[in-house]
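Have a look at the structure below, then the notes.
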Amino acid sequence: MIDRDTQLCMSLAGRPGNFGTRFHNFLYRELGLNYVYKAFTTTDLPAAIGGVRALGVRGCAVSMPFKEACIPLVDEMTPSAAAIQSVNTIVNDDGRLRAYNTDYIAAAKLIEAHGAPRSSKVVLRGSGGMAKAVAHALRDAGLSDGCIVARNPGAGRALASACGYDWIPDMDDRRPDLLVNVTPIGMEGGPEARDMAFAPEVVDQARTVFDVVALPAETPLIVYARQVGKPVITGAEVIALQAVEQFVLYTGVRPEGALIERAARFARSPA
């Protein structure tokens, strides 16, 4: 039951989804924690972050398009967020707001788990907050031969420079080993939901395909990559890993692996 001692956690996103709400609340119930999680959107980010502080909201997940805009509104940038100047998690400790980036942590763990050779040529499409997290994770994993594809020249060049990569505005004739999509292309409910972030002939020649879009878990890019026998890293994996790290920051409790898998399956299941 919700009572006066229940701690509230929340998310802020341009287009709120159900994964975080279902994932966190499932774990709260299973572990007997007096927490509740709710997803929100806002047209007034300073007021929303001010509400996190003023109302004692314990934790706030931050998604597009707020990952960089919220930086001036927090009190402290921890190393995971400061290094890439992008925030996806805010923790409220008695009115002091600390910012983290668990996207980076999740991406780094997945890159290590999938064992991409350091000699791999990488093309990453995107230049926003999530792209920063993934690009820095790739660089820090030793993948130094990379290229950022981004239509925004300012953001694209800045991210490429920060990681020691090249920048191009549109995909050219490159045929990299590792393809990474960090744009909304293929996202459920979006204008490009049926599109692939990379052309079929580019996917055909890649070794591994990584798509951070979590809804649907099987984006058109991932579906095609599987059809042609490519190893894939999915957004469903990213969202679950980053959500676990948020859960630990909010509650101080790290669930066992089997329980995390159950929570992720529940969060992805039809409501």
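Scheme for the structure tokens: letters A, B, ... for chains in order shown; per-chain residue numbers from 1; ligand numbers from 1 in order shown.
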
Next on the checklist: To test your reading of the structure, identify every residue in segment 122-201 of chain A that backbone DSSP assigns to helix (DSSP H, G or I), and report it as an NGL selection string.
Outcome noted: :A and (129-140 or 153-163 or 200-201)

Next on the checklist: Please extract the residues of segment 55-205 of chain A with a backbone DSSP assignment of strand (DSSP E or B) and present them as number ranges by chain.
Outcome noted: A: 59-62, 76-77, 89-93, 96-100, 121-125, 145-149, 166-168, 178-181

Hey, which bits of segment 89-144 of chain A sit within 9 Å of segment 173-176 of chain A, and for each residue what's the closest pair of atoms and how far apart in Å (one decimal), counting only C-alpha atoms, rows by chain and increasing number, as a Markdown table?
| residue | atom | partner | partner_atom | distance |
| --- | --- | --- | --- | --- |
| A:Ser120 | CA | A:Pro176 | CA | 7.6 |
| A:Lys121 | CA | A:Pro176 | CA | 5.0 |
| A:Val122 | CA | A:Pro176 | CA | 5.5 |
| A:Val123 | CA | A:Pro176 | CA | 6.2 |

Using the selection just defined, write its residues with C-alpha atoms as an mmCIF file, in the first residue's frame.
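Contents of again.cif, as written:
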data_model
loop_
_atom_site.group_PDB
_atom_site.id
_atom_site.type_symbol
_atom_site.label_atom_id
_atom_site.label_comp_id
_atom_site.auth_asym_id
_atom_site.auth_seq_id
_atom_site.Cartn_x
_atom_site.Cartn_y
_atom_site.Cartn_z
ATOM 1 C CA SER A 120 36.779 -3.020 -35.473
ATOM 2 C CA LYS A 121 35.756 -0.097 -37.643
ATOM 3 C CA VAL A 122 32.713 1.576 -36.068
ATOM 4 C CA VAL A 123 29.995 3.792 -37.497
#

Item to check | Gln7 of chain A environment, 8 Å, only C-alpha atoms, sequence neighbours closer than 2 positions dropped, as a list of chain:residue names | outcome: A:Asp5, A:Cys9, A:Asn34, A:Tyr35, A:Val36, A:Val57, A:Arg58

If you keep N, CA and C atoms, can you produce a file of those selected residues as a JSON list (two decimals), in the first residue's frame?
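Output file again-v8.json is given in full below:
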[["chain", "number", "residue", "atom", "x", "y", "z"],
["A", 5, "ASP", "N", 4.99, 7.33, 3.99],
["A", 5, "ASP", "CA", 6.41, 7.02, 3.95],
["A", 5, "ASP", "C", 6.87, 6.47, 2.59],
["A", 9, "CYS", "N", 9.74, 7.58, -7.09],
["A", 9, "CYS", "CA", 10.71, 7.71, -8.16],
["A", 9, "CYS", "C", 9.94, 7.95, -9.45],
["A", 34, "ASN", "N", 9.11, -0.01, -0.08],
["A", 34, "ASN", "CA", 8.04, 0.98, -0.03],
["A", 34, "ASN", "C", 8.34, 2.13, -0.98],
["A", 35, "TYR", "N", 8.31, 1.82, -2.27],
["A", 35, "TYR", "CA", 8.58, 2.78, -3.34],
["A", 35, "TYR", "C", 7.46, 2.67, -4.36],
["A", 36, "VAL", "N", 7.30, 3.74, -5.15],
["A", 36, "VAL", "CA", 6.41, 3.69, -6.31],
["A", 36, "VAL", "C", 7.06, 4.52, -7.41],
["A", 57, "VAL", "N", 11.29, 13.85, -4.20],
["A", 57, "VAL", "CA", 11.29, 12.69, -5.10],
["A", 57, "VAL", "C", 12.67, 12.05, -5.04],
["A", 58, "ARG", "N", 12.73, 10.77, -4.77],
["A", 58, "ARG", "CA", 14.01, 10.11, -4.52],
["A", 58, "ARG", "C", 14.88, 10.02, -5.77]]

Next on the checklist: Give me the residues near Val182 of chain A as a ChimeraX atom specification, where near means some atom within 12 Å (using only C-alpha atoms) and where sequence neighbours in that chain fewer than 3 positions away do not count.
Outcome noted: /A:64,103,107,123-135,148-150,179,185-187,196-198,209-214,221,234-235,238

Could you write out the selected residues, including C-alpha atoms, as a PDB file, in the first residue's frame?
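Output below, filename again.pdb:
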ATOM      1  CA  MET A  64      15.175  12.472 -24.685  1.00  0.00           C
ATOM      2  CA  ASP A 103      23.358   4.574 -20.202  1.00  0.00           C
ATOM      3  CA  ALA A 107      26.623   0.312 -23.060  1.00  0.00           C
ATOM      4  CA  VAL A 123      29.995   3.792 -37.497  1.00  0.00           C
ATOM      5  CA  LEU A 124      27.608   5.345 -34.978  1.00  0.00           C
ATOM      6  CA  ARG A 125      24.549   7.201 -36.203  1.00  0.00           C
ATOM      7  CA  GLY A 126      23.325   9.956 -33.861  1.00  0.00           C
ATOM      8  CA  SER A 127      24.720  12.825 -31.801  1.00  0.00           C
ATOM      9  CA  GLY A 128      22.355  13.348 -28.849  1.00  0.00           C
ATOM     10  CA  GLY A 129      22.721  12.467 -25.184  1.00  0.00           C
ATOM     11  CA  MET A 130      22.443   8.705 -25.654  1.00  0.00           C
ATOM     12  CA  ALA A 131      24.849   8.854 -28.585  1.00  0.00           C
ATOM     13  CA  LYS A 132      27.385  10.532 -26.322  1.00  0.00           C
ATOM     14  CA  ALA A 133      27.078   7.723 -23.788  1.00  0.00           C
ATOM     15  CA  VAL A 134      27.500   4.958 -26.361  1.00  0.00           C
ATOM     16  CA  ALA A 135      30.287   6.693 -28.300  1.00  0.00           C
ATOM     17  CA  ILE A 148      29.905   9.659 -36.270  1.00  0.00           C
ATOM     18  CA  VAL A 149      27.060  10.067 -38.781  1.00  0.00           C
ATOM     19  CA  ALA A 150      24.956  13.062 -37.787  1.00  0.00           C
ATOM     20  CA  LEU A 179      27.043  -0.528 -36.875  1.00  0.00           C
ATOM     21  CA  ILE A 185      14.803   5.540 -36.518  1.00  0.00           C
ATOM     22  CA  GLY A 186      12.794   2.358 -36.026  1.00  0.00           C
ATOM     23  CA  MET A 187      11.154   3.543 -32.800  1.00  0.00           C
ATOM     24  CA  MET A 196      16.180   1.007 -40.959  1.00  0.00           C
ATOM     25  CA  ALA A 197      18.972   3.263 -39.720  1.00  0.00           C
ATOM     26  CA  PHE A 198      21.385   1.642 -42.195  1.00  0.00           C
ATOM     27  CA  VAL A 209      24.704  -4.538 -35.330  1.00  0.00           C
ATOM     28  CA  PHE A 210      23.827  -2.504 -32.229  1.00  0.00           C
ATOM     29  CA  ASP A 211      20.497  -0.642 -32.054  1.00  0.00           C
ATOM     30  CA  VAL A 212      19.714   1.279 -28.840  1.00  0.00           C
ATOM     31  CA  VAL A 213      16.015   1.699 -29.695  1.00  0.00           C
ATOM     32  CA  ALA A 214      14.186  -0.297 -27.013  1.00  0.00           C
ATOM     33  CA  LEU A 221      17.270  -2.959 -38.236  1.00  0.00           C
ATOM     34  CA  THR A 234      19.454  -4.644 -28.760  1.00  0.00           C
ATOM     35  CA  GLY A 235      17.941  -1.657 -27.054  1.00  0.00           C
ATOM     36  CA  VAL A 238      20.457  -1.547 -22.871  1.00  0.00           C
TER      37      VAL A 238
END

Checklist entry - Of the candidates A:Leu178, A:Ile2, A:Leu215, A:Val253, which shows the shortest atom-to-atom distance to Ala193 of chain A, using only C-alpha atoms? => result A:Leu215

Checklist entry - Which is closer to Leu241 of chain A than all the others in A:Arg151, A:Lys109, A:Arg207, A:Arg4, using only C-alpha atoms? => result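 Of the candidates, the smallest distance to Leu241 of chain A is held by A:Lys109.
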
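All residues of protein, DNA or RNA that reach within 6 Å of segment 83-87 of chain A, judged by only C-alpha atoms and not counting those fewer than 2 positions away in the chain, are Lys67, Glu68, Pro79, Ser80, Ala81, Thr89, Tyr100, Asn101 and Gly129 of chain A.
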
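Counting only C-alpha atoms and comparing A:His136, A:Arg96, A:Arg15, A:Arg118, the residue that lies closest to Val62 of chain A is A:Arg15.
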
Can you tell me which residues surround Thr208 of chain A at a distance of at most 10 Å, considering only C-alpha atoms, apart from same-chain residues fewer than 2 positions away, and format the answer as a PDB file with C-alpha atoms, in the first residue's frame?
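Wrote it out as result_30.pdb, contents follow:
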ATOM      1  CA  HIS A 114      29.847  -9.058 -26.919  1.00  0.00           C
ATOM      2  CA  ALA A 116      33.940  -6.558 -30.373  1.00  0.00           C
ATOM      3  CA  SER A 120      36.779  -3.020 -35.473  1.00  0.00           C
ATOM      4  CA  VAL A 122      32.713   1.576 -36.068  1.00  0.00           C
ATOM      5  CA  PRO A 176      32.210  -0.765 -41.051  1.00  0.00           C
ATOM      6  CA  ASP A 177      32.462  -3.854 -38.878  1.00  0.00           C
ATOM      7  CA  LEU A 178      30.211  -2.498 -36.116  1.00  0.00           C
ATOM      8  CA  LEU A 179      27.043  -0.528 -36.875  1.00  0.00           C
ATOM      9  CA  VAL A 180      25.429   1.443 -34.055  1.00  0.00           C
ATOM     10  CA  VAL A 203      24.256  -4.370 -42.765  1.00  0.00           C
ATOM     11  CA  ASP A 204      25.184  -7.252 -45.076  1.00  0.00           C
ATOM     12  CA  GLN A 205      28.872  -6.391 -44.776  1.00  0.00           C
ATOM     13  CA  ALA A 206      28.915  -5.620 -41.027  1.00  0.00           C
ATOM     14  CA  PHE A 210      23.827  -2.504 -32.229  1.00  0.00           C
ATOM     15  CA  ALA A 225      20.372  -8.151 -39.069  1.00  0.00           C
ATOM     16  CA  GLY A 229      22.919 -13.888 -39.533  1.00  0.00           C
ATOM     17  CA  LYS A 230      24.563 -10.935 -37.804  1.00  0.00           C
ATOM     18  CA  PRO A 231      25.183 -10.859 -34.042  1.00  0.00           C
ATOM     19  CA  VAL A 232      23.083  -8.098 -32.508  1.00  0.00           C
ATOM     20  CA  ILE A 233      22.967  -5.924 -29.393  1.00  0.00           C
TER      21      ILE A 233
END

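Separating atom CA of Asn181 of chain A from atom CA of Arg139 of chain A is a distance of 15.7 Å.
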
Item to check | Selection near Pro153 of chain A, 9 Å with only C-alpha atoms, sequence-local residues under 4 positions removed, as a PyMOL selection string | outcome: chain A and resi 157-158+167-169

Generate the output file for the selected residues, C-alpha atoms, as a PDB file, in the first residue's frame.
ATOM      1  CA  ARG A 157      31.621  17.343 -35.010  1.00  0.00           C
ATOM      2  CA  ALA A 158      31.726  17.931 -31.254  1.00  0.00           C
ATOM      3  CA  TRP A 167      32.274  13.017 -38.653  1.00  0.00           C
ATOM      4  CA  ILE A 168      30.137  12.826 -41.794  1.00  0.00           C
ATOM      5  CA  PRO A 169      26.630  14.282 -42.301  1.00  0.00           C
TER       6      PRO A 169
END

Checklist entry - Using only C-alpha atoms, which residue out of A:Ala82, A:Ala240, A:Gly95, A:Tyr104 lies closest to Phe266 of chain A? => result A:Ala240

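Distances here use only C-alpha atoms; by that measure, the residue among A:Pro270, A:Pro255, A:Pro216, A:Gly59 closest to Ile239 of chain A is A:Pro216.
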
Checklist entry - In Å, how far is it from atom CA of Gln242 of chain A to atom CA of Asp166 of chain A? => result 27.4 Å

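Residue nearest Tyr165 of chain A within the list A:Leu31, A:Ala263, A:Pro16, A:Asp145: A:Asp145 [criterion: smallest interatomic distance, only C-alpha atoms].
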
Item to check | Length of the atom CA of Asp94 of chain A to atom CA of Lys38 of chain A vector [Å] | outcome: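 Pair atom CA of Asp94 of chain A / atom CA of Lys38 of chain A returns 20.1 Å.
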